[in-house]
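Data from run.cif: mmCIF, C-alpha atoms
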data_upload
loop_
_atom_site.label_atom_id
_atom_site.label_comp_id
_atom_site.auth_asym_id
_atom_site.auth_seq_id
_atom_site.Cartn_x
_atom_site.Cartn_y
_atom_site.Cartn_z
CA MET A 1 57.77 189.36 81.25
CA THR A 2 60.82 187.43 80.09
CA PRO A 3 63.74 188.16 77.76
CA LEU A 4 62.33 185.49 75.44
CA ALA A 5 59.12 187.51 75.05
CA LEU A 6 61.16 190.58 74.07
CA VAL A 7 63.17 188.55 71.55
CA ALA A 8 59.97 187.01 70.17
CA ARG A 9 58.35 190.42 69.77
CA ALA A 10 61.44 191.81 68.00
CA TYR A 11 61.61 188.73 65.76
CA LEU A 12 57.92 189.07 64.84
CA ARG A 13 58.42 192.75 64.00
CA ALA A 14 61.48 191.90 61.86
CA LEU A 15 59.49 189.15 60.11
CA ALA A 16 56.97 191.80 59.04
CA ARG A 17 59.85 193.38 57.07
CA THR A 18 60.98 190.02 55.64
CA PRO A 19 57.68 188.18 55.10
CA MET A 20 59.19 185.53 52.80
CA ALA A 21 60.88 184.08 55.89
CA THR A 22 57.48 182.75 56.98
CA ALA A 23 56.80 181.15 53.60
CA ARG A 24 57.48 177.48 52.93
CA TRP A 25 58.71 175.38 50.05
CA ASP A 26 56.06 172.96 48.75
CA GLU A 27 58.11 170.07 47.37
CA GLN A 28 55.21 168.43 45.59
CA ALA A 29 54.06 171.60 43.81
CA GLN A 30 57.64 172.88 43.42
CA GLU A 31 56.59 176.34 44.58
CA ILE A 32 56.82 178.76 47.46
CA VAL A 33 53.65 179.06 49.55
CA ILE A 34 53.13 182.30 51.47
CA PRO A 35 50.94 182.09 54.60
CA THR A 36 48.49 184.79 55.62
CA GLY A 37 49.70 184.97 59.23
CA ILE A 38 52.50 183.94 61.56
CA ALA A 39 52.20 180.87 63.76
CA LEU A 40 55.25 181.26 66.02
CA GLY A 41 56.67 177.97 67.24
CA ILE A 42 58.42 177.97 70.59
CA ALA A 43 60.67 174.96 71.15
CA ALA A 44 60.00 173.55 74.62
CA ALA A 45 62.08 170.96 76.44
CA THR A 46 59.76 168.54 78.21
CA PRO A 47 60.24 165.30 80.14
CA ARG A 48 59.13 163.53 76.95
CA GLY A 49 61.59 165.39 74.71
CA LEU A 50 61.51 168.51 72.59
CA VAL A 51 58.14 169.72 71.31
CA VAL A 52 57.37 172.79 69.21
CA PRO A 53 53.83 174.03 69.78
CA ASN A 54 52.98 177.33 68.16
CA ILE A 55 51.11 180.50 68.86
CA LYS A 56 48.64 181.11 66.05
CA ASP A 57 48.56 184.68 64.70
CA ALA A 58 51.41 185.66 67.03
CA HIS A 59 52.06 188.76 64.93
CA THR A 60 48.74 190.23 66.13
CA LEU A 61 49.68 190.07 69.82
CA GLY A 62 51.11 192.91 71.86
CA LEU A 63 54.13 192.29 74.06
CA LEU A 64 52.20 191.42 77.23
CA ASP A 65 49.81 189.04 75.43
CA LEU A 66 52.75 187.44 73.66
CA ALA A 67 54.56 186.92 76.98
CA VAL A 68 51.44 185.30 78.46
CA ALA A 69 51.01 183.08 75.39
CA ILE A 70 54.65 181.91 75.53
CA ASN A 71 54.35 181.13 79.23
CA ASP A 72 51.06 179.27 78.75
CA LEU A 73 52.49 177.32 75.81
CA ALA A 74 55.60 176.26 77.79
CA THR A 75 53.62 175.35 80.90
CA THR A 76 51.18 173.24 78.88
CA ALA A 77 54.03 171.54 76.98
CA ARG A 78 55.96 170.65 80.16
CA ALA A 79 52.77 169.21 81.64
CA GLY A 80 52.41 166.99 78.55
CA LYS A 81 49.05 168.54 77.69
CA THR A 82 49.77 170.22 74.35
CA ALA A 83 46.87 169.69 71.98
CA PRO A 84 47.77 168.15 68.59
CA GLU A 85 46.48 171.20 66.70
CA ALA A 86 48.95 173.39 68.61
CA MET A 87 51.78 171.36 67.07
CA THR A 88 50.77 171.90 63.44
CA GLY A 89 50.81 174.84 61.08
CA GLY A 90 53.85 176.63 62.49
CA THR A 91 55.45 179.14 60.12
CA THR A 92 58.66 179.95 62.05
CA THR A 93 60.26 178.91 65.33
CA ILE A 94 62.34 180.26 68.19
CA THR A 95 64.52 177.90 70.20
CA ASN A 96 65.91 179.24 73.47
CA VAL A 97 69.21 177.40 73.97
CA GLY A 98 70.24 180.06 76.47
CA VAL A 99 68.18 178.43 79.22
CA PHE A 100 70.75 175.63 79.14
CA GLY A 101 73.67 178.05 79.50
CA VAL A 102 74.57 177.79 75.81
CA ASP A 103 75.64 180.90 73.91
CA THR A 104 74.34 179.77 70.53
CA GLY A 105 73.80 176.83 68.25
CA THR A 106 72.81 175.91 64.73
CA PRO A 107 69.12 175.09 64.90
CA ILE A 108 67.61 172.66 62.41
CA LEU A 109 64.51 173.81 60.56
CA ASN A 110 61.19 172.29 61.48
CA PRO A 111 59.63 170.57 58.45
CA GLY A 112 57.64 173.05 56.39
CA GLN A 113 59.31 176.12 57.88
CA THR A 114 61.81 178.50 56.35
CA ALA A 115 63.46 180.06 59.43
CA ILE A 116 64.35 179.22 63.01
CA LEU A 117 65.99 181.61 65.46
CA ALA A 118 68.26 180.32 68.24
CA VAL A 119 68.53 182.57 71.31
CA GLY A 120 71.64 182.20 73.46
CA ALA A 121 72.33 182.84 77.12
CA ILE A 122 72.32 186.41 78.39
CA ARG A 123 75.74 187.27 79.78
CA ARG A 124 77.29 190.43 81.19
CA GLN A 125 80.17 191.50 78.95
CA GLN A 126 82.36 194.51 78.41
CA TRP A 127 81.24 196.66 75.49
CA ILE A 128 83.00 199.57 73.84
CA VAL A 129 80.70 202.60 73.65
CA ALA A 130 81.64 205.44 71.35
CA ASP A 131 80.11 208.87 71.74
CA GLY A 132 81.09 212.48 71.02
CA SER A 133 83.65 212.51 73.82
CA GLY A 134 85.47 209.32 72.79
CA GLU A 135 85.25 205.68 73.72
CA ARG A 136 84.64 203.98 77.03
CA ILE A 137 84.06 200.43 78.20
CA GLU A 138 80.74 199.59 79.86
CA PRO A 139 79.26 196.34 81.09
CA ARG A 140 76.26 195.28 79.02
CA SER A 141 73.87 192.35 78.97
CA MET A 142 74.53 190.55 75.70
CA LEU A 143 73.10 187.55 73.94
CA GLN A 144 73.88 185.81 70.69
CA LEU A 145 71.32 184.98 68.05
CA ALA A 146 71.68 182.43 65.26
CA LEU A 147 69.32 182.05 62.32
CA SER A 148 68.96 179.00 60.12
CA PHE A 149 66.92 179.33 56.96
CA ASP A 150 65.89 177.44 53.84
CA HIS A 151 67.75 178.76 50.80
CA ARG A 152 65.01 177.46 48.53
CA VAL A 153 62.78 180.21 49.90
CA ILE A 154 65.04 183.05 51.05
CA ASP A 155 68.63 183.87 50.24
CA GLY A 156 71.51 185.04 52.43
CA GLN A 157 70.59 188.68 52.02
CA GLN A 158 67.02 188.16 53.23
CA GLY A 159 68.19 185.94 56.09
CA SER A 160 70.77 188.52 57.11
CA GLU A 161 68.18 191.31 56.92
CA LEU A 162 65.85 189.30 59.18
CA LEU A 163 68.60 188.69 61.73
CA ALA A 164 69.87 192.29 61.56
CA GLY A 165 66.31 193.59 61.89
CA THR A 166 65.77 191.49 65.00
CA VAL A 167 69.04 192.73 66.49
CA ALA A 168 68.19 196.37 65.68
CA LEU A 169 64.86 196.06 67.46
CA LEU A 170 66.51 194.45 70.50
CA THR A 171 69.07 197.26 70.55
CA GLU A 172 66.19 199.74 70.69
CA PRO A 173 63.54 197.68 72.55
CA GLY A 174 61.03 200.53 72.57
CA LEU A 175 60.61 199.98 68.83
CA ALA A 176 59.81 196.28 69.30
CA VAL A 177 57.17 197.02 71.91
CA LEU A 178 55.15 199.23 69.57
#
Mind converting the file's structure to structure tokens?
Amino acid sequence: MTPLALVARAYLRALARTPMATARWDEQAQEIVIPTGIALGIAAATPRGLVVPNIKDAHTLGLLDLAVAINDLATTARAGKTAPEAMTGGTTTITNVGVFGVDTGTPILNPGQTAILAVGAIRRQQWIVADGSGERIEPRSMLQLALSFDHRVIDGQQGSELLAGTVALLTEPGLAVL
């Protein structure tokens, strides 16, 4: 189990509430095309460069199966053995810039996709916690998320709702696991 699997599960759950974020703009037809499922791309750094294979029907997987699928996908990609069909049909992507010690970035959309989520490094930081007895400072594990999206398909409100929904599920991870 990795933090990326937890983020991916939360993102998939948030996408269920903002399904237009998995749609795509069809330039030729000049229309929005809504897919029937989610093929979650996971950006993987390999000796040959960045590749983005995807997990078909990722939204149907539980947390453990999703973690296994992400690990298998990354292992296969680093070995240079990703099948061509695994590189097509993605509906949204996660890029984990945190593995490089980066807090966040502005990810560029993969062609045909409407949203991409960048996951930053996990760092221990001081956090102000307010409760009935006042405020106190506690160390917390924090990460930054950044979302890029295609305004031809979703607007700032929908993009913000997707990002906020992902954050809410990460804040209460028990909800993302369900």
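Using all atoms listed in the file, the shortest contact distance between Leu169 of chain A and any of A:Thr75, A:Thr2, A:Leu12, A:Val153 is found at A:Leu12.
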**Asked** Where does the PyMOL selection byres ((chain A and resi 114) around 7) land in this file, that is, which residues does it pick, as an MDAnalysis selection string?
**Response** chainID A and resid 21:24 92 109 112:113 115 149:150 153
**Prompt:** What does the distance from atom CA of Pro47 of chain A to atom CA of Leu63 of chain A come to in Å, to one decimal?
**Reply:**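 Here the two named atoms are 28.3 Å from each other.
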**Request:** I need the residue set behind the PyMOL selection byres ((chain A and resi 66) around 10) for this file; please write it as a list in words.
**Result:**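 Against this file, the PyMOL selection byres ((chain A and resi 66) around 10) returns the residues Met1, Leu4, Ala5, Leu6, Ala8, Arg9, Ile55, Ala58, His59, Thr60, Leu61, Gly62, Leu63, Leu64, Asp65, Ala67, Val68, Ala69, Ile70, Asn71 and Asp72 of chain A.
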**Asked** Smallest atom-to-atom distance to Ala44 of chain A: which of A:Thr76, A:Thr91, A:Thr106, A:Gln158, using only C-alpha atoms?
**Response**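 Comparing A:Thr76, A:Thr91, A:Thr106, A:Gln158 against Ala44 of chain A, the winner is A:Thr76.
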**For atom CA of Glu27 of chain A and atom CA of Glu85 of chain A, the interatomic separation in Å (one decimal)** = 22.6 Å
**Request:** Would you mind telling me which residue in A:Ile42, A:Ala16, A:Val119, A:Ala130 lies nearest to Thr93 of chain A when using only C-alpha atoms?
**Result:**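 Closest to Thr93 of chain A of all the choices is A:Ile42.
Atom CA of Ala86 of chain A to atom CA of Asp57 of chain A spans 12.0 Å [interatomic distance, one decimal].
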**Message:** Would you pick out the contacts of Gly120 of chain A at 9 Å or less, using all atoms listed in the file, so that residues sharing its chain but fewer than 6 positions from it are not included, and give the list as a list of chain:residue names?
**Reply:**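 Counting only the stated atoms, we get A:Thr95, A:Asn96, A:Val97, A:Gly98, A:Val99, A:Phe100, A:Gly101, A:Val102, A:Asp103, A:Thr104, A:Gly105, A:Leu143, A:Gln144, A:Leu145, A:Ala146.
Shortest atom-to-atom contact with Val51 of chain A among A:Met142, A:Leu147, A:Met87, A:Ala168: A:Met87, counting only C-alpha atoms.
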**Message:** Between A:Thr82, A:Gln126, A:Arg140, A:Leu50, which residue has the minimum interatomic distance to Thr171 of chain A, considering all atoms listed in the file?
**Reply:** A:Arg140
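Remark: for Pro107 of chain A, the closest of the candidate residues A:Ser148, A:Arg123, A:Gln157, A:Ala43 is A:Ser148 (distances computed over all atoms listed in the file).
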**Prompt:** Quick one: which residues end up in the PyMOL selection byres ((chain A and resi 35) around 10) for this structure, as a list of chain:residue names?
**Reply:**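 For this structure, the PyMOL selection byres ((chain A and resi 35) around 10) captures A:Pro19, A:Met20, A:Thr22, A:Ala23, A:Arg24, A:Ile32, A:Val33, A:Ile34, A:Thr36, A:Gly37, A:Ile38, A:Ala39, A:Gly89, A:Thr91.
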